[in-house]
$ cat upload-v3.cif   # mmCIF, C-alpha atoms
data_model
loop_
_atom_site.label_atom_id
_atom_site.label_comp_id
_atom_site.auth_asym_id
_atom_site.auth_seq_id
_atom_site.Cartn_x
_atom_site.Cartn_y
_atom_site.Cartn_z
CA MET A 764 137.55 133.31 107.26
CA THR A 765 135.90 132.94 110.67
CA THR A 766 132.82 134.86 109.48
CA GLN A 767 132.47 132.58 106.45
CA LYS A 768 132.63 129.51 108.71
CA GLN A 769 129.96 130.96 111.02
CA GLN A 770 127.68 131.73 108.05
CA HIS A 771 128.17 128.23 106.77
CA SER A 772 127.38 126.85 110.23
CA LEU A 773 124.23 128.96 110.51
CA LYS A 774 123.07 127.84 107.05
CA THR A 775 123.73 124.20 107.95
CA ILE A 776 121.92 124.54 111.29
CA LEU A 777 118.90 126.06 109.55
CA THR A 778 119.04 123.33 106.86
CA PHE A 779 118.79 120.80 109.68
CA LEU A 780 116.23 122.62 111.81
CA ILE A 781 113.64 123.99 109.37
CA PRO A 782 112.83 120.84 107.30
CA SER A 783 113.15 118.62 110.39
CA ILE A 784 110.72 120.73 112.42
CA ILE A 785 108.27 120.78 109.50
CA GLY A 786 108.62 116.99 109.25
CA LEU A 787 108.01 116.59 113.00
CA LEU A 788 104.95 118.83 112.85
CA LEU A 789 103.49 116.92 109.88
CA PHE A 790 104.26 113.35 110.94
CA MET A 791 104.43 113.33 114.74
CA THR A 792 102.42 116.18 116.24
CA PRO A 793 99.17 114.87 117.77
CA ILE A 794 96.23 117.14 116.92
CA SER A 795 92.50 116.91 117.53
CA HIS A 796 90.48 116.68 114.32
CA ASN A 797 86.78 115.74 114.11
CA ASP A 798 86.86 114.67 117.79
CA ALA A 799 89.76 112.26 117.18
CA ILE A 800 93.48 112.39 117.89
CA THR A 801 95.50 112.24 114.68
CA ILE A 802 98.47 113.87 112.91
CA PRO A 803 98.52 116.59 110.21
CA ILE A 804 99.71 114.21 107.45
CA ALA A 805 96.68 111.99 108.11
CA VAL A 806 94.37 115.03 107.97
CA LEU A 807 95.90 116.06 104.61
CA SER A 808 95.49 112.50 103.32
CA LYS A 809 91.86 112.37 104.45
CA GLY A 810 91.28 115.75 102.77
CA VAL A 811 92.55 114.41 99.44
CA GLN A 812 90.45 111.28 99.91
CA ALA A 813 87.33 113.35 100.62
CA TYR A 814 88.01 115.76 97.70
CA PHE A 815 88.55 113.06 95.07
CA GLY A 816 86.03 110.71 96.69
CA ASP A 817 84.62 108.12 94.34
CA ILE A 818 87.17 108.54 91.54
CA ILE A 819 90.12 107.12 93.55
CA PRO A 820 89.02 103.49 92.96
CA ALA A 821 88.80 104.26 89.21
CA ILE A 822 92.27 105.86 89.24
CA ALA A 823 93.64 102.88 91.21
CA THR A 824 92.05 100.49 88.70
CA GLY A 825 93.83 102.28 85.86
CA ILE A 826 97.16 102.20 87.72
CA VAL A 827 96.97 98.49 88.63
CA VAL A 828 95.96 97.45 85.09
CA LEU A 829 98.69 99.66 83.59
CA MET A 830 101.32 98.16 85.91
CA ALA A 831 100.30 94.62 84.96
CA LEU A 832 100.53 95.40 81.22
CA VAL A 833 103.81 97.33 81.48
CA THR A 834 105.35 94.61 83.68
CA ILE A 835 104.51 91.95 81.04
CA VAL A 836 105.93 94.11 78.21
CA VAL A 837 109.14 94.84 80.17
CA LYS A 838 109.54 91.17 81.13
CA VAL A 839 109.25 90.10 77.48
CA SER A 840 111.19 92.86 75.70
CA GLN A 841 113.66 94.11 78.38
CA PRO A 842 113.87 97.68 76.93
CA LYS A 843 117.13 99.57 77.60
CA GLN A 844 115.26 102.65 78.87
CA VAL A 845 114.08 100.51 81.79
CA THR A 846 117.04 98.19 82.42
CA GLN A 847 119.56 101.05 82.43
CA SER A 848 117.57 103.10 84.97
CA HIS A 849 117.88 101.84 88.55
CA PHE A 850 114.53 103.38 89.56
CA LEU A 851 112.54 102.08 86.55
CA ASN A 852 114.25 98.68 86.59
CA THR A 853 113.40 98.19 90.28
CA LEU A 854 109.80 99.31 89.74
CA LEU A 855 108.98 97.56 86.46
CA ASN A 856 111.40 94.64 85.96
CA VAL A 857 110.22 92.46 88.84
CA SER A 858 110.57 88.69 89.35
CA PRO A 859 108.14 86.22 87.67
CA PHE A 860 106.32 85.72 91.01
CA TRP A 861 105.64 89.46 91.44
CA SER A 862 104.67 89.73 87.78
CA VAL A 863 101.96 87.08 88.39
CA VAL A 864 100.84 88.91 91.57
CA ARG A 865 100.45 92.14 89.55
CA VAL A 866 98.40 90.32 86.88
CA PHE A 867 96.08 88.86 89.54
CA GLY A 868 95.85 92.31 91.16
CA ALA A 869 94.71 93.72 87.81
CA ILE A 870 92.13 90.93 87.29
CA PHE A 871 90.70 91.37 90.82
CA ILE A 872 90.54 95.17 90.63
CA VAL A 873 88.73 95.17 87.23
CA MET A 874 86.23 92.63 88.56
CA ALA A 875 85.65 94.64 91.76
CA GLN A 876 85.43 98.00 89.96
CA PHE A 877 82.92 96.84 87.35
CA GLN A 878 81.22 94.28 89.62
CA ILE A 879 81.69 91.40 87.19
CA GLY A 880 82.56 87.86 88.21
CA PRO A 881 82.02 85.63 91.24
CA GLU A 882 80.54 87.22 94.37
CA PRO A 883 83.32 85.90 96.68
CA ILE A 884 85.83 88.04 94.73
CA ILE A 885 83.84 91.23 94.16
CA SER A 886 81.78 91.51 97.38
CA GLY A 887 82.05 94.40 99.80
CA ALA A 888 83.80 92.10 102.30
CA THR A 889 86.59 90.98 99.90
CA GLY A 890 87.76 92.62 96.66
CA GLY A 891 85.18 95.41 96.99
CA PHE A 892 86.48 96.20 100.50
CA VAL A 893 90.12 96.36 99.34
CA LEU A 894 89.24 98.57 96.34
CA ASN A 895 86.68 100.92 97.90
CA ASP A 896 87.77 101.11 101.56
CA LEU A 897 91.45 100.25 101.85
CA ILE A 898 93.06 101.48 98.62
CA PRO A 899 91.65 105.06 98.77
CA THR A 900 93.22 105.45 102.25
CA LEU A 901 96.55 103.97 101.16
CA PHE A 902 96.54 105.99 97.93
CA SER A 903 96.24 109.33 99.72
CA VAL A 904 98.67 108.34 102.50
CA PHE A 905 101.27 107.16 99.98
CA ILE A 906 101.13 110.40 98.00
CA PHE A 907 101.58 112.70 101.01
CA ALA A 908 103.86 110.46 103.05
CA GLY A 909 105.98 109.62 100.01
CA MET A 910 106.37 113.25 98.93
CA LEU A 911 107.09 114.60 102.43
CA LEU A 912 109.05 111.70 103.95
CA PRO A 913 112.44 113.21 102.92
CA LEU A 914 111.78 115.94 105.52
CA LEU A 915 112.18 113.25 108.19
CA LEU A 916 114.89 111.22 106.48
CA ASN A 917 117.27 113.57 104.67
CA PHE A 918 118.01 116.55 106.90
CA GLY A 919 119.51 115.01 110.04
CA LEU A 920 116.47 114.38 112.24
CA LEU A 921 117.04 110.61 112.41
CA GLU A 922 120.73 111.09 113.13
CA PHE A 923 119.90 113.47 116.00
CA PHE A 924 117.12 111.43 117.63
CA GLY A 925 118.87 108.20 116.76
CA THR A 926 121.89 109.18 118.85
CA LEU A 927 119.73 110.33 121.77
CA LEU A 928 117.63 107.14 121.77
CA THR A 929 120.40 104.60 121.13
CA LYS A 930 120.79 104.12 124.90
CA ILE A 931 117.21 102.79 124.98
CA MET A 932 116.70 101.11 121.59
CA ARG A 933 120.02 99.21 121.40
CA PRO A 934 120.03 97.53 124.86
CA VAL A 935 116.28 96.85 124.99
CA PHE A 936 115.47 95.97 121.35
CA ASN A 937 118.94 95.56 119.75
CA LEU A 938 117.96 98.18 117.18
CA PRO A 939 119.41 101.54 116.10
CA GLY A 940 118.10 104.60 117.93
CA ARG A 941 116.65 106.02 114.70
CA SER A 942 114.09 103.17 114.64
CA ALA A 943 112.27 104.90 117.50
CA VAL A 944 111.22 107.60 115.01
CA ASN A 945 109.60 104.91 112.80
CA CYS A 946 107.69 103.65 115.82
CA MET A 947 106.44 107.12 116.80
CA ALA A 948 105.34 107.86 113.22
CA SER A 949 103.35 104.60 113.18
CA TRP A 950 101.72 105.05 116.57
CA LEU A 951 100.69 108.63 115.95
CA GLY A 952 99.96 108.30 112.26
CA ASP A 953 99.68 105.05 110.36
CA GLY A 954 101.45 101.69 110.17
CA SER A 955 101.93 102.14 106.42
CA VAL A 956 103.99 105.30 107.10
CA GLY A 957 106.27 103.29 109.40
CA ILE A 958 106.78 100.60 106.72
CA LEU A 959 107.48 103.27 104.09
CA MET A 960 110.14 104.79 106.37
CA THR A 961 111.66 101.39 107.21
CA ASN A 962 111.82 100.35 103.55
CA LYS A 963 113.51 103.61 102.57
CA GLN A 964 116.05 103.29 105.39
CA TYR A 965 116.80 99.68 104.39
CA GLU A 966 117.24 100.61 100.71
CA THR A 967 119.73 103.34 101.66
CA ASN A 968 121.89 101.09 103.91
CA PHE A 969 120.79 102.52 107.25
CA TYR A 970 119.18 99.27 108.46
CA THR A 971 120.51 95.72 108.13
CA GLN A 972 118.30 92.84 106.95
CA ARG A 973 117.58 91.85 110.56
CA GLU A 974 116.88 95.41 111.69
CA ALA A 975 114.54 96.14 108.75
CA ALA A 976 112.64 92.87 109.26
CA VAL A 977 112.31 93.44 113.03
CA ILE A 978 111.26 97.10 112.70
CA GLY A 979 108.78 96.33 109.90
CA THR A 980 107.11 93.50 111.85
CA SER A 981 107.39 94.89 115.41
CA PHE A 982 107.14 98.68 115.21
CA SER A 983 104.70 99.40 112.36
CA ALA A 984 102.08 99.83 115.04
CA VAL A 985 98.44 100.72 114.55
CA SER A 986 97.56 104.37 115.01
CA ILE A 987 95.74 105.68 118.06
CA THR A 988 92.84 106.62 115.77
CA PHE A 989 92.38 103.09 114.41
CA SER A 990 92.66 101.67 117.92
CA LEU A 991 89.70 103.85 118.87
CA VAL A 992 87.75 102.48 115.88
CA VAL A 993 88.47 98.89 117.01
CA ILE A 994 87.44 99.45 120.64
CA SER A 995 84.27 101.25 119.45
CA GLN A 996 83.37 98.27 117.25
CA VAL A 997 83.27 96.01 120.35
CA LYS A 998 81.26 98.66 122.26
CA LEU A 999 83.90 99.31 124.94
CA GLU A 1000 84.75 102.96 124.18
CA HIS A 1001 84.63 103.76 127.89
CA LEU A 1002 87.65 101.46 128.36
CA PHE A 1003 89.82 103.14 125.72
CA VAL A 1004 92.55 104.34 128.13
CA PRO A 1005 93.12 100.93 129.81
CA PHE A 1006 92.76 99.32 126.35
CA TYR A 1007 95.51 101.47 124.84
CA ILE A 1008 97.77 101.00 127.87
CA THR A 1009 97.31 97.23 127.42
CA VAL A 1010 98.08 97.47 123.69
CA CYS A 1011 101.28 99.47 124.35
CA LEU A 1012 102.48 97.13 127.13
CA ALA A 1013 101.79 93.96 125.11
CA GLY A 1014 103.37 95.54 122.00
CA ILE A 1015 106.58 96.44 123.86
CA ILE A 1016 106.88 92.94 125.38
CA ALA A 1017 106.33 91.37 121.92
CA ALA A 1018 108.95 93.72 120.40
CA ILE A 1019 111.47 92.52 122.99
CA ILE A 1020 110.75 88.77 122.80
CA VAL A 1021 109.67 87.92 119.21
CA PRO A 1022 112.81 89.26 117.41
CA LYS A 1023 114.93 86.94 119.59
CA LEU A 1024 113.09 83.91 118.11
CA PRO A 1025 113.18 82.45 114.58
CA PRO A 1026 112.45 83.53 111.88
CA LEU A 1027 113.52 87.08 112.80
CA SER A 1028 116.58 85.92 114.78
CA TRP A 1029 117.81 84.09 111.65
CA LYS A 1030 118.01 87.30 109.61
CA LYS A 1031 121.53 88.42 108.69
CA ASP A 1032 123.07 91.55 110.18
CA GLU A 1033 124.16 92.81 106.79
CA TYR A 1034 122.98 95.65 104.58
CA ILE A 1035 121.05 95.42 101.32
CA ASP A 1036 124.31 95.68 99.34
CA GLY A 1037 125.76 92.67 101.21
CA SER A 1038 128.17 94.64 103.42
CA GLU A 1039 128.46 93.72 107.11
CA ALA A 1040 127.04 95.90 109.89
CA LYS A 1041 129.63 98.12 111.57
CA GLN A 1042 129.82 97.25 115.27
CA ASP A 1043 130.93 100.72 116.36
CA SER A 1044 128.63 102.72 114.07
CA GLU A 1045 126.68 104.12 117.05
CA SER A 1046 129.55 104.58 119.51
CA ILE A 1047 130.02 108.12 120.85
CA PRO A 1048 133.60 109.51 121.01
CA THR A 1049 134.81 110.22 124.54
CA GLU A 1050 135.31 113.94 123.84
CA HIS A 1051 131.61 114.33 122.94
CA GLY A 1052 128.40 114.23 124.96
CA ILE A 1053 125.40 112.39 123.53
CA PHE A 1054 123.64 115.65 122.55
CA SER A 1055 126.65 117.32 120.89
CA TRP A 1056 127.53 114.14 118.96
CA GLY A 1057 123.94 113.71 117.75
CA PHE A 1058 123.78 117.38 116.74
CA GLY A 1059 127.09 117.07 114.86
CA LEU A 1060 125.88 113.99 112.95
CA ALA A 1061 122.64 115.78 112.09
CA LEU A 1062 124.55 118.76 110.66
CA LYS A 1063 126.78 116.45 108.58
CA ARG A 1064 123.67 114.86 107.13
CA ALA A 1065 122.07 118.27 106.49
CA GLU A 1066 125.15 119.40 104.53
CA LYS A 1067 124.59 116.53 102.06
CA ALA A 1068 120.81 116.98 101.81
CA GLY A 1069 120.65 118.88 98.51
CA GLY A 1070 118.10 121.54 97.62
CA VAL A 1071 114.39 121.74 97.01
CA LYS A 1072 114.77 120.12 93.56
CA GLN A 1073 116.36 117.00 95.08
CA LEU A 1074 113.71 116.94 97.82
CA LEU A 1075 110.91 117.00 95.23
CA SER A 1076 112.65 114.45 93.02
CA GLU A 1077 113.16 111.96 95.85
CA GLY A 1078 109.68 112.56 97.26
CA SER A 1079 108.10 111.95 93.85
CA LYS A 1080 110.05 108.69 93.43
CA ASN A 1081 108.91 107.55 96.90
CA ALA A 1082 105.27 108.27 96.06
CA ILE A 1083 105.44 106.62 92.62
CA ASP A 1084 107.22 103.58 94.06
CA MET A 1085 104.50 103.07 96.68
CA VAL A 1086 101.43 103.92 94.55
CA PHE A 1087 102.50 102.02 91.42
CA GLY A 1088 104.54 99.27 93.09
CA VAL A 1089 102.62 98.41 96.25
CA ILE A 1090 98.92 99.01 95.48
CA PRO A 1091 98.77 96.11 92.92
CA VAL A 1092 100.26 93.80 95.60
CA VAL A 1093 97.77 94.98 98.23
CA MET A 1094 94.89 94.38 95.79
CA ALA A 1095 96.02 90.83 94.96
CA ILE A 1096 97.13 89.57 98.38
CA GLY A 1097 94.50 91.48 100.37
CA THR A 1098 91.68 90.08 98.23
CA VAL A 1099 92.93 86.48 98.48
CA ALA A 1100 93.34 86.77 102.27
CA LEU A 1101 89.81 88.15 102.71
CA ILE A 1102 88.31 85.47 100.42
CA LEU A 1103 89.90 82.80 102.63
CA ALA A 1104 88.60 84.55 105.77
CA GLU A 1105 85.05 85.08 104.50
CA HIS A 1106 84.38 81.99 102.41
CA THR A 1107 86.45 79.13 103.85
CA PRO A 1108 86.64 77.57 107.34
CA ILE A 1109 90.46 77.67 107.32
CA PHE A 1110 90.80 80.34 110.02
CA THR A 1111 88.21 78.58 112.23
CA TYR A 1112 90.27 75.38 112.08
CA LEU A 1113 93.51 77.29 112.69
CA GLY A 1114 91.94 78.90 115.77
CA MET A 1115 90.94 75.59 117.41
CA PRO A 1116 94.36 74.93 119.06
CA PHE A 1117 93.92 78.21 120.97
CA ILE A 1118 90.77 77.01 122.82
CA PRO A 1119 92.74 75.25 125.64
CA LEU A 1120 94.97 78.34 126.06
CA LEU A 1121 91.95 80.66 126.27
CA GLU A 1122 90.32 78.35 128.83
CA LEU A 1123 93.57 78.25 130.83
CA LEU A 1124 93.58 82.06 130.83
CA GLN A 1125 89.94 81.96 132.04
CA ILE A 1126 88.54 83.83 129.01
CA PRO A 1127 84.73 83.31 128.77
CA GLU A 1128 83.24 81.97 125.51
CA ALA A 1129 86.62 80.49 124.55
CA SER A 1130 85.26 78.60 121.52
CA ALA A 1131 83.77 81.74 119.95
CA ALA A 1132 86.90 83.75 120.81
CA SER A 1133 89.20 81.15 119.18
CA GLN A 1134 87.52 81.73 115.79
CA THR A 1135 88.65 85.36 115.85
CA ILE A 1136 92.31 84.78 116.73
CA VAL A 1137 93.89 83.64 113.46
CA VAL A 1138 91.43 85.48 111.20
CA GLY A 1139 93.29 88.67 112.21
CA PHE A 1140 96.05 87.53 109.84
CA ALA A 1141 93.69 88.28 106.94
CA ASP A 1142 92.50 91.67 108.23
CA MET A 1143 92.85 93.43 111.57
CA PHE A 1144 89.25 94.62 111.69
CA ILE A 1145 87.55 91.22 111.14
CA PRO A 1146 88.16 89.95 114.74
CA SER A 1147 86.41 92.97 116.28
CA ILE A 1148 83.49 92.55 113.84
CA LEU A 1149 83.12 88.87 114.84
CA ALA A 1150 83.61 89.73 118.54
CA SER A 1151 80.78 92.28 118.60
CA SER A 1152 78.25 89.43 119.03
CA ILE A 1153 80.10 87.95 122.07
CA GLU A 1154 78.42 88.78 125.39
CA SER A 1155 81.44 88.91 127.73
CA ASP A 1156 83.06 92.35 128.05
CA LEU A 1157 86.34 90.68 129.06
CA THR A 1158 86.38 88.47 125.96
CA ARG A 1159 85.60 91.40 123.64
CA PHE A 1160 88.34 93.45 125.33
CA VAL A 1161 90.89 90.65 124.86
CA ILE A 1162 89.97 90.07 121.20
CA ALA A 1163 90.10 93.80 120.38
CA ALA A 1164 93.49 94.30 122.07
CA LEU A 1165 94.90 91.11 120.52
CA SER A 1166 93.82 92.09 117.01
CA VAL A 1167 95.75 95.37 117.35
CA THR A 1168 98.93 93.87 118.84
CA GLN A 1169 99.13 90.97 116.35
CA LEU A 1170 100.19 93.70 113.88
CA ILE A 1171 100.62 91.50 110.79
CA TYR A 1172 97.48 91.45 108.64
CA MET A 1173 97.59 90.63 104.94
CA SER A 1174 94.98 93.15 103.75
CA GLU A 1175 97.45 95.99 104.46
CA VAL A 1176 100.61 95.66 106.60
CA GLY A 1177 101.47 92.13 105.41
CA ALA A 1178 100.91 93.00 101.75
CA LEU A 1179 102.94 96.22 102.17
CA LEU A 1180 105.84 94.30 103.75
CA ILE A 1181 105.81 91.65 101.02
CA GLY A 1182 105.60 94.35 98.33
CA SER A 1183 108.51 96.31 99.84
CA LYS A 1184 112.25 95.51 99.76
CA ILE A 1185 112.15 94.49 103.45
CA PRO A 1186 113.42 90.86 103.51
CA VAL A 1187 110.36 88.92 104.76
CA ASN A 1188 108.16 86.38 102.98
CA PHE A 1189 104.59 85.14 103.51
CA PHE A 1190 105.55 82.14 105.65
CA GLU A 1191 107.82 84.25 107.90
CA LEU A 1192 105.04 86.81 108.38
CA PHE A 1193 102.62 84.06 109.43
CA MET A 1194 105.19 82.72 111.90
CA VAL A 1195 105.72 86.22 113.36
CA PHE A 1196 101.93 86.65 113.59
CA ILE A 1197 101.56 83.37 115.57
CA LEU A 1198 104.50 84.23 117.85
CA ARG A 1199 103.10 87.72 118.54
CA THR A 1200 99.73 86.10 119.34
CA LEU A 1201 101.29 83.62 121.81
CA VAL A 1202 103.38 86.34 123.50
CA THR A 1203 100.73 89.06 123.76
CA LEU A 1204 97.64 86.93 124.60
CA PRO A 1205 98.69 86.13 128.23
CA VAL A 1206 99.66 89.79 128.82
CA ILE A 1207 96.33 91.04 127.43
CA ALA A 1208 94.36 88.42 129.38
CA LEU A 1209 96.08 89.42 132.64
CA MET A 1210 95.43 93.12 131.99
CA GLY A 1211 91.83 92.31 131.01
CA HIS A 1212 91.22 90.47 134.31
CA LEU A 1213 92.67 93.44 136.22
CA LEU A 1214 90.96 96.26 134.29
CA VAL A 1215 87.61 95.03 132.91
#

$ encode --input "upload-v3.cif" --output "C-alpha cells"
Amino acid sequence: MTTQKQQHSLKTILTFLIPSIIGLLLFMTPISHNDAITIPIAVLSKGVQAYFGDIIPAIATGIVVLMALVTIVVKVSQPKQVTQSHFLNTLLNVSPFWSVVRVFGAIFIVMAQFQIGPEPIISGATGGFVLNDLIPTLFSVFIFAGMLLPLLLNFGLLEFFGTLLTKIMRPVFNLPGRSAVNCMASWLGDGSVGILMTNKQYETNFYTQREAAVIGTSFSAVSITFSLVVISQVKLEHLFVPFYITVCLAGIIAAIIVPKLPPLSWKKDEYIDGSEAKQDSESIPTEHGIFSWGFGLALKRAEKAGGVKQLLSEGSKNAIDMVFGVIPVVMAIGTVALILAEHTPIFTYLGMPFIPLLELLQIPEASAASQTIVVGFADMFIPSILASSIESDLTRFVIAALSVTQLIYMSEVGALLIGSKIPVNFFELFMVFILRTLVTLPVIALMGHLLV
C-alpha cells in the first residue's frame, strides 16, 4: 500500500514538474537570438512567420471573412450544433455589436488585401499596417501560445508560484500571486501572451472581474525586445539600460496607483459565474510553510490535469478562440484607431491639455511632445515615429518611455482586451490610458532629468 502511494506521488510530482519546466523554458527563459533578448516561444512564432511569409495576410483575410459570414448565419438561424456547444456558441454566437465589428473587420481586410477602396483605409499606415505587419505577428503568437499555454496553466505551476509570490502581489497590488507569472510572460515575451493568460484564468474562475481587468490593463507589459525597437527608433540605443529601468519603475508605480482609481476600482470582486471571491482562498494553514503549501497545491492541480489528449484539445481551442475570435476585432478596431491617428487632428487636440504639464516638468519642445502623448492610444509605435524629428534627447527619451508605459493601444492590446472576455470596454480603456499617462509622466520626466 505504501509503495503504491509513493509511485502515485512520484507520478504526480513528475506530472507537475515536466510540463511546468517545459512551459517555463518556452515562455519565460530569456535567450539571445539575432542579437536580441527574447524567449523561445517568440522565436518559434517568428520562425512560422518567416516560413509562411506573405501568405499569412491571405490566410487571415480568409479567416476574417469566414467569421463575418458564419456569425451572420448563426445570428439569423441559431443552429442547434452551435447553441448546444459552449465553445462554438461563445465563439460564433456573439452580440449584435461584435457581429457588426466582425463585418467591418471583413470589409477592411478585403480592402487592404486587394488594395481597393479609399487610401485612408488601405494605406501602409492604417489597414495595410494592421494586415501586413501586426496580424502576421499575432497569428503566429496565437497559434504557439494558444497551443502551449496549458503547460503553464494546467499542471500546477501557477499554484506553486502563486503561493510563493502572494506575500508580494497581494499587499502591494491587491492581486493573487499567480498574476506575477502573467507579468513575467509579458515582459519577457509579448503583451498578447499576458492577455491570453489573463483571459483564460478569468474564464476558468481563477481571477475576479476586478483582478482580470487590473492584470489585463496593468501587467500586459511590452516585451524587452519591443522596448529596444522603440528606443532605437528615437536614436537613443545607448540609453537602453536607464530607459528600461525607467519603464519598469514607472510601470510598477502605475500598477500600484491606477487600479485604486475608477474605473478599475469600480470593478466587482466576483468571478465570471457571478460567485463572490473567497477571502481566505490564499491563506496558508499554520501547519504548513509557504513552500510546502504551494507544492501541495501544485500537486493537487497536476492530479486533475488530464493526459496529452486533453492538453492538445484545450490548446487547440485556445488557439482557435484567439485566431478566429480576436483577429477580426484587431483588424476592425486597429484600422479605425490608426485612421483617426493618421488622418484626423483628434489626437493633436487631445494632446493640447498636456502642454502646461510638460512645461511644468521642464520638457523641451513641449508643444511637439504634446502631439505624441494621446496618439499612443491608437498605436504604441506612432509616438516614437513622431518623436524622431524632435531635437532634444530628453524629450525623445520621455516620449519613448511614456509610449511603452501607457500600455493601452488600440491597434493591439486594446483590441485584444475588448475582444476577450476580460470585463473592460472602450471608454474604460481610454480612462486607464489617461490615468497611466498622468501617473507615469512625472516619474519618467524625473528619471529623464537624472539620466539623460

$ residues_near_point --input "upload-v3.cif" --point "(92.8, 83.6, 104.6)" --cutoff "8 Å" --atoms "only C-alpha atoms" --output "PyMOL selection string"
chain A and resi 1099-1105+1107+1109-1110+1138+1140-1141

$ residues_around --input "upload-v3.cif" --residues "Val997 in chain A" --least-positions-apart "3" --cutoff "12 Å" --atoms "all atoms listed in the file" --output "VMD selection string"
chain A and resid 990 to 994 1000 to 1003 1006 1144 to 1164 1166

$ closest_residue --input "upload-v3.cif" --among "A:Leu789, A:Leu921, A:Val956, A:Val837" --to "Val985 in chain A" --atoms "only C-alpha atoms"
A:Val956

$ residues_around --input "upload-v3.cif" --residues "Pro913 in chain A" --least-positions-apart "6" --cutoff "10 Å" --atoms "all atoms listed in the file" --output "MDAnalysis selection string"
chainID A and resid 782:783 786 960 963 1068 1073:1078 1081

$ closest_residue --input "upload-v3.cif" --among "A:Asn895, A:Thr1203, A:Ser1183, A:Asn962" --to "Phe1087 in chain A" --atoms "all atoms listed in the file"
A:Ser1183

$ resolve_selection --input "upload-v3.cif" --expression "the PyMOL selection byres ((chain A and resi 893) around 12)" --output "mmCIF file with C-alpha atoms, keeping the file's coordinate frame"
data_model
loop_
_atom_site.group_PDB
_atom_site.id
_atom_site.type_symbol
_atom_site.label_atom_id
_atom_site.label_comp_id
_atom_site.auth_asym_id
_atom_site.auth_seq_id
_atom_site.Cartn_x
_atom_site.Cartn_y
_atom_site.Cartn_z
ATOM 1 C CA PRO A 820 89.020 103.490 92.960
ATOM 2 C CA ALA A 823 93.640 102.880 91.210
ATOM 3 C CA THR A 824 92.050 100.490 88.700
ATOM 4 C CA GLY A 868 95.850 92.310 91.160
ATOM 5 C CA PHE A 871 90.700 91.370 90.820
ATOM 6 C CA ILE A 872 90.540 95.170 90.630
ATOM 7 C CA ALA A 875 85.650 94.640 91.760
ATOM 8 C CA GLN A 876 85.430 98.000 89.960
ATOM 9 C CA ILE A 884 85.830 88.040 94.730
ATOM 10 C CA ILE A 885 83.840 91.230 94.160
ATOM 11 C CA SER A 886 81.780 91.510 97.380
ATOM 12 C CA GLY A 887 82.050 94.400 99.800
ATOM 13 C CA ALA A 888 83.800 92.100 102.300
ATOM 14 C CA THR A 889 86.590 90.980 99.900
ATOM 15 C CA GLY A 890 87.760 92.620 96.660
ATOM 16 C CA GLY A 891 85.180 95.410 96.990
ATOM 17 C CA PHE A 892 86.480 96.200 100.500
ATOM 18 C CA LEU A 894 89.240 98.570 96.340
ATOM 19 C CA ASN A 895 86.680 100.920 97.900
ATOM 20 C CA ASP A 896 87.770 101.110 101.560
ATOM 21 C CA LEU A 897 91.450 100.250 101.850
ATOM 22 C CA ILE A 898 93.060 101.480 98.620
ATOM 23 C CA PRO A 899 91.650 105.060 98.770
ATOM 24 C CA THR A 900 93.220 105.450 102.250
ATOM 25 C CA LEU A 901 96.550 103.970 101.160
ATOM 26 C CA PHE A 902 96.540 105.990 97.930
ATOM 27 C CA ILE A 1090 98.920 99.010 95.480
ATOM 28 C CA PRO A 1091 98.770 96.110 92.920
ATOM 29 C CA VAL A 1092 100.260 93.800 95.600
ATOM 30 C CA VAL A 1093 97.770 94.980 98.230
ATOM 31 C CA MET A 1094 94.890 94.380 95.790
ATOM 32 C CA ALA A 1095 96.020 90.830 94.960
ATOM 33 C CA ILE A 1096 97.130 89.570 98.380
ATOM 34 C CA GLY A 1097 94.500 91.480 100.370
ATOM 35 C CA THR A 1098 91.680 90.080 98.230
ATOM 36 C CA VAL A 1099 92.930 86.480 98.480
ATOM 37 C CA ALA A 1100 93.340 86.770 102.270
ATOM 38 C CA LEU A 1101 89.810 88.150 102.710
ATOM 39 C CA ILE A 1102 88.310 85.470 100.420
ATOM 40 C CA ALA A 1141 93.690 88.280 106.940
ATOM 41 C CA ASP A 1142 92.500 91.670 108.230
ATOM 42 C CA MET A 1173 97.590 90.630 104.940
ATOM 43 C CA SER A 1174 94.980 93.150 103.750
ATOM 44 C CA GLU A 1175 97.450 95.990 104.460
ATOM 45 C CA ALA A 1178 100.910 93.000 101.750
#

$ residues_near_point --input "upload-v3.cif" --point "(124.8, 99.3, 103.3)" --cutoff "10 Å" --atoms "only C-alpha atoms" --output "mmCIF file with C-alpha atoms, in the frame of the given file"
data_model
loop_
_atom_site.group_PDB
_atom_site.id
_atom_site.type_symbol
_atom_site.label_atom_id
_atom_site.label_comp_id
_atom_site.auth_asym_id
_atom_site.auth_seq_id
_atom_site.Cartn_x
_atom_site.Cartn_y
_atom_site.Cartn_z
ATOM 1 C CA GLN A 964 116.050 103.290 105.390
ATOM 2 C CA TYR A 965 116.800 99.680 104.390
ATOM 3 C CA GLU A 966 117.240 100.610 100.710
ATOM 4 C CA THR A 967 119.730 103.340 101.660
ATOM 5 C CA ASN A 968 121.890 101.090 103.910
ATOM 6 C CA PHE A 969 120.790 102.520 107.250
ATOM 7 C CA TYR A 970 119.180 99.270 108.460
ATOM 8 C CA THR A 971 120.510 95.720 108.130
ATOM 9 C CA GLN A 972 118.300 92.840 106.950
ATOM 10 C CA GLU A 1033 124.160 92.810 106.790
ATOM 11 C CA TYR A 1034 122.980 95.650 104.580
ATOM 12 C CA ILE A 1035 121.050 95.420 101.320
ATOM 13 C CA ASP A 1036 124.310 95.680 99.340
ATOM 14 C CA GLY A 1037 125.760 92.670 101.210
ATOM 15 C CA SER A 1038 128.170 94.640 103.420
ATOM 16 C CA GLU A 1039 128.460 93.720 107.110
ATOM 17 C CA ALA A 1040 127.040 95.900 109.890
ATOM 18 C CA LYS A 1041 129.630 98.120 111.570
#

$ residues_around --input "upload-v3.cif" --residues "Met1210 in chain A" --least-positions-apart "2" --cutoff "12 Å" --atoms "only C-alpha atoms" --output "VMD selection string"
chain A and resid 1002 1005 to 1013 1124 1126 1157 to 1158 1160 to 1161 1164 to 1165 1203 to 1208 1212 to 1215

$ atom_distance --input "upload-v3.cif" --atom1 "CA of Val866 in chain A" --atom2 "CA of Ile826 in chain A"
12.0 Å

$ closest_residue --input "upload-v3.cif" --among "A:Ser903, A:Thr961, A:Ser981, A:Gln996" --to "Phe936 in chain A" --atoms "all atoms listed in the file"
A:Ser981
